[in-house]
$ cat entry28.cif   # mmCIF, C-alpha atoms
data_target
loop_
_atom_site.label_atom_id
_atom_site.label_comp_id
_atom_site.auth_asym_id
_atom_site.auth_seq_id
_atom_site.Cartn_x
_atom_site.Cartn_y
_atom_site.Cartn_z
CA MET A 26 0.00 0.00 0.00
CA ASN A 27 1.90 3.01 -1.29
CA LYS A 28 0.71 6.50 -2.11
CA LEU A 29 0.86 7.37 -5.79
CA PHE A 30 1.95 10.79 -7.04
CA TYR A 31 2.37 12.51 -10.38
CA GLN A 32 4.76 15.32 -11.31
CA THR A 33 3.55 18.73 -12.46
CA VAL A 34 4.69 22.35 -12.37
CA ALA A 35 4.48 24.26 -9.11
CA THR A 36 3.94 27.71 -10.65
CA SER A 37 3.41 29.31 -14.03
CA ASN A 38 6.56 30.33 -15.86
CA GLU A 39 7.72 32.06 -19.05
CA TYR A 40 10.95 31.74 -21.01
CA GLU A 41 12.05 33.09 -24.39
CA ILE A 42 14.76 31.29 -26.33
CA PRO A 43 17.28 33.15 -28.54
CA LYS A 44 15.88 34.26 -31.90
CA ILE A 45 15.98 31.74 -34.74
CA LYS A 46 16.39 33.49 -38.09
CA TRP A 47 14.84 36.59 -36.50
CA SER A 48 11.73 34.74 -35.30
CA ARG A 49 10.94 34.94 -31.58
CA PHE A 50 9.69 31.91 -29.61
CA ILE A 51 8.24 32.49 -26.14
CA GLY A 52 7.29 29.52 -23.98
CA ASN A 53 4.71 29.64 -21.18
CA ILE A 54 3.79 26.79 -18.85
CA PHE A 55 0.81 26.36 -16.51
CA HIS A 56 -0.62 23.81 -14.10
CA ILE A 57 -4.16 22.83 -15.15
CA THR A 58 -6.81 20.37 -13.99
CA ASN A 59 -9.49 20.86 -16.66
CA LYS A 60 -10.22 22.20 -20.15
CA GLU A 61 -11.67 25.46 -18.85
CA GLU A 62 -8.39 26.36 -17.14
CA ALA A 63 -6.42 25.48 -20.27
CA ASP A 64 -8.69 27.62 -22.47
CA ARG A 65 -8.41 30.53 -20.05
CA TYR A 66 -4.62 30.45 -19.97
CA ILE A 67 -4.41 30.19 -23.76
CA HIS A 68 -6.73 33.19 -24.03
CA ASP A 69 -4.56 35.11 -21.55
CA ILE A 70 -1.45 34.50 -23.67
CA GLN A 71 -3.31 35.59 -26.80
CA GLN A 72 -4.27 38.80 -25.02
CA LYS A 73 -0.74 39.33 -23.69
CA TYR A 74 0.80 38.94 -27.18
CA PRO A 75 -2.03 40.04 -29.52
CA ASP A 76 0.27 40.82 -32.46
CA ALA A 77 2.07 37.44 -32.43
CA SER A 78 1.97 35.23 -35.52
CA HIS A 79 1.07 31.97 -33.75
CA HIS A 80 0.09 30.66 -30.31
CA CYS A 81 0.79 26.91 -30.48
CA PHE A 82 0.14 24.63 -27.51
CA ALA A 83 -0.16 21.18 -26.03
CA TYR A 84 -1.77 20.04 -22.80
CA ARG A 85 -2.86 16.95 -20.92
CA TYR A 86 -4.74 16.40 -17.66
CA ASP A 87 -6.70 13.94 -15.52
CA VAL A 88 -4.03 11.39 -14.64
CA GLN A 89 -4.97 7.72 -15.05
CA ILE A 90 -3.29 4.60 -13.69
CA GLN A 91 -2.82 1.48 -15.80
CA ASN A 92 -0.66 -1.63 -15.62
CA ASP A 93 1.38 -3.21 -18.36
CA ILE A 94 1.62 -6.99 -18.90
CA PHE A 95 4.21 -7.19 -16.10
CA TRP A 96 1.96 -5.18 -13.72
CA ASN A 97 4.26 -2.17 -13.80
CA ILE A 98 2.38 1.08 -13.21
CA ILE A 99 1.88 3.27 -16.27
CA TYR A 100 0.72 6.87 -15.95
CA THR A 101 -1.53 8.17 -18.74
CA ASP A 102 -3.91 11.11 -19.10
CA LYS A 103 -7.59 10.93 -19.94
CA TYR A 104 -7.62 14.24 -21.82
CA HIS A 105 -5.02 15.76 -24.11
CA LYS A 106 -4.92 18.25 -26.95
CA LEU A 107 -2.35 19.91 -29.18
CA SER A 108 -2.53 22.69 -31.75
CA ASP A 109 -0.27 23.90 -34.55
CA ALA A 110 -2.27 27.16 -34.68
CA GLY A 111 -1.67 27.72 -38.37
CA GLU A 112 1.86 26.32 -38.58
CA PRO A 113 2.44 23.32 -40.89
CA THR A 114 0.93 20.11 -39.52
CA ASN A 115 2.87 18.47 -36.66
CA THR A 116 5.58 21.16 -36.56
CA ALA A 117 4.46 22.82 -33.30
CA GLY A 118 1.91 21.04 -31.12
CA LYS A 119 3.54 17.63 -31.48
CA PRO A 120 7.10 18.69 -30.47
CA ILE A 121 5.63 20.63 -27.55
CA MET A 122 3.75 17.54 -26.37
CA SER A 123 6.87 15.43 -26.85
CA MET A 124 8.71 17.62 -24.32
CA ILE A 125 5.84 17.35 -21.83
CA GLU A 126 5.95 13.56 -22.15
CA LYS A 127 9.76 13.43 -22.01
CA HIS A 128 9.73 15.26 -18.67
CA GLU A 129 6.86 13.05 -17.44
CA LEU A 130 4.64 16.01 -16.56
CA HIS A 131 0.88 15.75 -16.10
CA ASN A 132 -1.92 18.29 -15.60
CA VAL A 133 0.12 20.79 -17.55
CA LEU A 134 -0.26 23.22 -20.46
CA VAL A 135 2.61 24.60 -22.53
CA VAL A 136 2.01 27.46 -24.97
CA VAL A 137 4.72 28.60 -27.39
CA THR A 138 4.14 32.00 -28.97
CA ARG A 139 5.91 32.88 -32.22
CA TYR A 140 6.67 36.25 -33.73
CA PHE A 141 7.53 35.71 -37.40
CA GLY A 142 10.90 37.23 -38.23
CA GLY A 143 10.44 37.54 -41.97
CA THR A 144 12.32 34.38 -42.97
CA LEU A 145 10.58 31.03 -43.55
CA LEU A 146 12.14 28.35 -41.33
CA GLY A 147 10.96 25.16 -42.99
CA VAL A 148 9.58 22.06 -41.28
CA GLY A 149 12.81 20.92 -39.65
CA TRP A 150 13.63 24.28 -38.11
CA LEU A 151 10.05 24.76 -36.89
CA ILE A 152 10.03 21.38 -35.11
CA GLN A 153 13.36 22.20 -33.50
CA ALA A 154 12.31 25.72 -32.49
CA TYR A 155 8.98 24.77 -30.90
CA GLY A 156 10.53 21.78 -29.18
CA GLU A 157 13.40 23.87 -27.83
CA ALA A 158 11.07 26.60 -26.53
CA ALA A 159 8.95 23.99 -24.74
CA LYS A 160 12.03 22.24 -23.37
CA LYS A 161 13.56 25.42 -21.97
CA VAL A 162 10.43 26.73 -20.26
CA ILE A 163 9.95 23.29 -18.67
CA GLU A 164 13.55 23.06 -17.51
CA LYS A 165 13.41 26.58 -16.04
CA SER A 166 10.28 25.76 -14.02
CA LYS A 167 9.82 24.41 -10.52
CA PHE A 168 8.18 20.99 -10.22
CA GLN A 169 5.99 19.53 -7.50
CA GLU A 170 4.41 16.18 -6.72
CA ALA A 171 0.64 15.88 -6.39
CA GLU A 172 -1.43 12.93 -5.24
CA ILE A 173 -3.26 10.77 -7.76
CA THR A 174 -6.72 10.46 -6.23
CA LYS A 175 -9.78 8.40 -7.05
CA LEU A 176 -13.35 9.50 -6.37
CA LEU A 177 -15.60 6.96 -4.68
CA GLU A 178 -19.30 7.13 -3.77
CA PHE A 179 -20.93 4.75 -1.30
CA SER A 180 -23.64 4.51 1.36
CA TYR A 181 -23.88 2.73 4.71
CA PRO A 182 -26.22 2.36 7.74
CA PHE A 183 -26.00 4.84 10.63
CA ASP A 184 -24.77 2.18 13.05
CA LEU A 185 -21.53 1.93 11.03
CA LEU A 186 -20.70 5.64 11.34
CA GLN A 187 -17.75 5.30 13.72
CA ALA A 188 -16.32 2.25 11.98
CA VAL A 189 -16.41 4.00 8.60
CA ARG A 190 -14.87 7.16 10.09
CA ASN A 191 -12.00 5.13 11.50
CA ILE A 192 -11.30 3.55 8.11
CA LEU A 193 -11.46 6.92 6.37
CA ASN A 194 -8.89 8.28 8.82
CA LYS A 195 -6.69 5.22 8.38
CA TYR A 196 -6.41 5.85 4.63
CA ASN A 197 -6.34 9.68 4.81
CA ALA A 198 -9.50 9.87 2.72
CA LYS A 199 -10.99 13.31 2.08
CA ILE A 200 -14.77 13.71 2.39
CA ILE A 201 -16.09 15.61 -0.64
CA GLU A 202 -19.81 15.32 0.11
CA GLU A 203 -21.95 13.75 2.84
CA LYS A 204 -25.73 13.34 2.96
CA TYR A 205 -27.93 11.95 5.72
CA ASP A 206 -31.06 10.15 4.57
CA LYS A 207 -32.24 6.61 5.27
CA ASP A 208 -28.56 5.74 5.08
CA ILE A 209 -25.48 7.92 5.06
CA GLU A 210 -24.36 8.73 1.53
CA MET A 211 -20.76 9.75 1.06
CA LYS A 212 -18.44 10.91 -1.70
CA ILE A 213 -14.72 10.76 -0.96
CA ALA A 214 -11.34 11.24 -2.62
CA ILE A 215 -8.68 8.67 -1.78
CA ASN A 216 -5.14 8.16 -3.02
CA HIS A 217 -5.21 5.71 -5.91
CA GLY A 218 -2.54 3.59 -4.25
CA TYR A 219 -4.82 3.01 -1.25
CA TYR A 220 -7.95 2.13 -3.22
CA SER A 221 -7.71 -1.69 -3.24
CA ASP A 222 -6.83 -2.00 0.44
CA PHE A 223 -9.44 0.59 1.40
CA SER A 224 -12.21 -1.23 -0.51
CA LYS A 225 -11.32 -4.57 1.07
CA ASP A 226 -11.07 -3.03 4.53
CA ILE A 227 -14.37 -1.17 4.44
CA PHE A 228 -16.31 -4.14 3.06
CA GLU A 229 -14.90 -6.64 5.57
CA ASN A 230 -15.29 -4.35 8.60
CA SER A 231 -18.85 -3.46 7.67
CA LYS A 232 -19.74 -7.11 7.06
CA TRP A 233 -20.62 -6.13 3.50
CA LYS A 234 -23.21 -3.54 4.53
CA VAL A 235 -21.48 -0.74 2.63
CA LYS A 236 -22.99 -0.23 -0.83
CA ILE A 237 -20.88 1.24 -3.61
#
$ encode --input "entry28.cif" --output "structure tokens"
Amino acid sequence: MNKLFYQTVATSNEYEIPKIKWSRFIGNIFHITNKEEADRYIHDIQQKYPDASHHCFAYRYDVQIQNDIFWNIIYTDKYHKLSDAGEPTNTAGKPIMSMIEKHELHNVLVVVTRYFGGTLLGVGWLIQAYGEAAKKVIEKSKFQEAEITKLLEFSYPFDLLQAVRNILNKYNAKIIEEKYDKDIEMKIAINHGYYSDFSKDIFENSKWKVKI
């Protein structure tokens, strides 16, 4: 029973790489947890640099846990998106995402803004430039670990209140919502690494009276 964590950025950050054939490339990175946050940050960058030629980006969020054939843990993300924002296909969004994946970051958005310098770069130079801008803003940022949690809803009789509370405390579960009706209905967030042991524990100690 081990807690599971993912790596993300601690704070937003901006970094501009040296000009490439007079074009400017400015990288920005943000921690996100949903599409609305990503859209808002992208809009903010567009407003900050309204005269830029392109605002290319990549993001992914909602960390998922899977196992390979050897039962090694694999971290994936339920949602992801990338955009070339008018640049040739796969020359911007894809290299940005590649840097996010290389650094094993989750719940993160990287936007690379380009000011066209008057000279066409070609596919190879564009891939290198957008990848380098993403790489540098990531490397210049501070990282943090965050828990991978799983939401769980269940109900149980009132006479199990103390027993359930004890188990919740044992696994450091966070109560999201609690309703009192015929039974007690509860919504909790628990570390994904605790989920199997928690489920077994709460069923056995309630003599299977807990309903999920």
$ resolve_selection --input "entry28.cif" --expression "the PyMOL selection byres ((chain A and resi 107) around 6)" --output "JSON, numbers by chain"
{"A": [82, 83, 106, 108, 118]}
$ residues_around --input "entry28.cif" --residues "stretch 128-144 of chain A" --least-positions-apart "5" --cutoff "6 Å" --atoms "only C-alpha atoms" --output "PyMOL selection string"
chain A and resi 32-33+47-58+77-86
$ atom_distance --input "entry28.cif" --atom1 "atom CA of A:Met211" --atom2 "atom CA of A:Lys175"
13.7 Å
$ atom_distance --input "entry28.cif" --atom1 "atom CA of A:Ile163" --atom2 "atom CA of A:Glu39"
9.1 Å
$ resolve_selection --input "entry28.cif" --expression "the PyMOL selection byres ((chain A and resi 201) around 10)" --output "PyMOL selection string"
chain A and resi 176-178+198-200+202-203+211-214
$ closest_atom_pairs --input "entry28.cif" --of "stretch 70-182 of chain A" --to "stretch 189-197 of chain A" --cutoff "12 Å" --atoms "only C-alpha atoms" --output "JSON lines"
{"residue": "A:Glu172", "atom": "CA", "partner": "A:Asn197", "partner_atom": "CA", "distance": 11.6}
{"residue": "A:Thr174", "atom": "CA", "partner": "A:Asn197", "partner_atom": "CA", "distance": 11.1}
{"residue": "A:Leu177", "atom": "CA", "partner": "A:Leu193", "partner_atom": "CA", "distance": 11.8}
{"residue": "A:Phe179", "atom": "CA", "partner": "A:Val189", "partner_atom": "CA", "distance": 10.9}
{"residue": "A:Ser180", "atom": "CA", "partner": "A:Val189", "partner_atom": "CA", "distance": 10.2}
{"residue": "A:Tyr181", "atom": "CA", "partner": "A:Val189", "partner_atom": "CA", "distance": 8.5}
{"residue": "A:Pro182", "atom": "CA", "partner": "A:Val189", "partner_atom": "CA", "distance": 10.0}
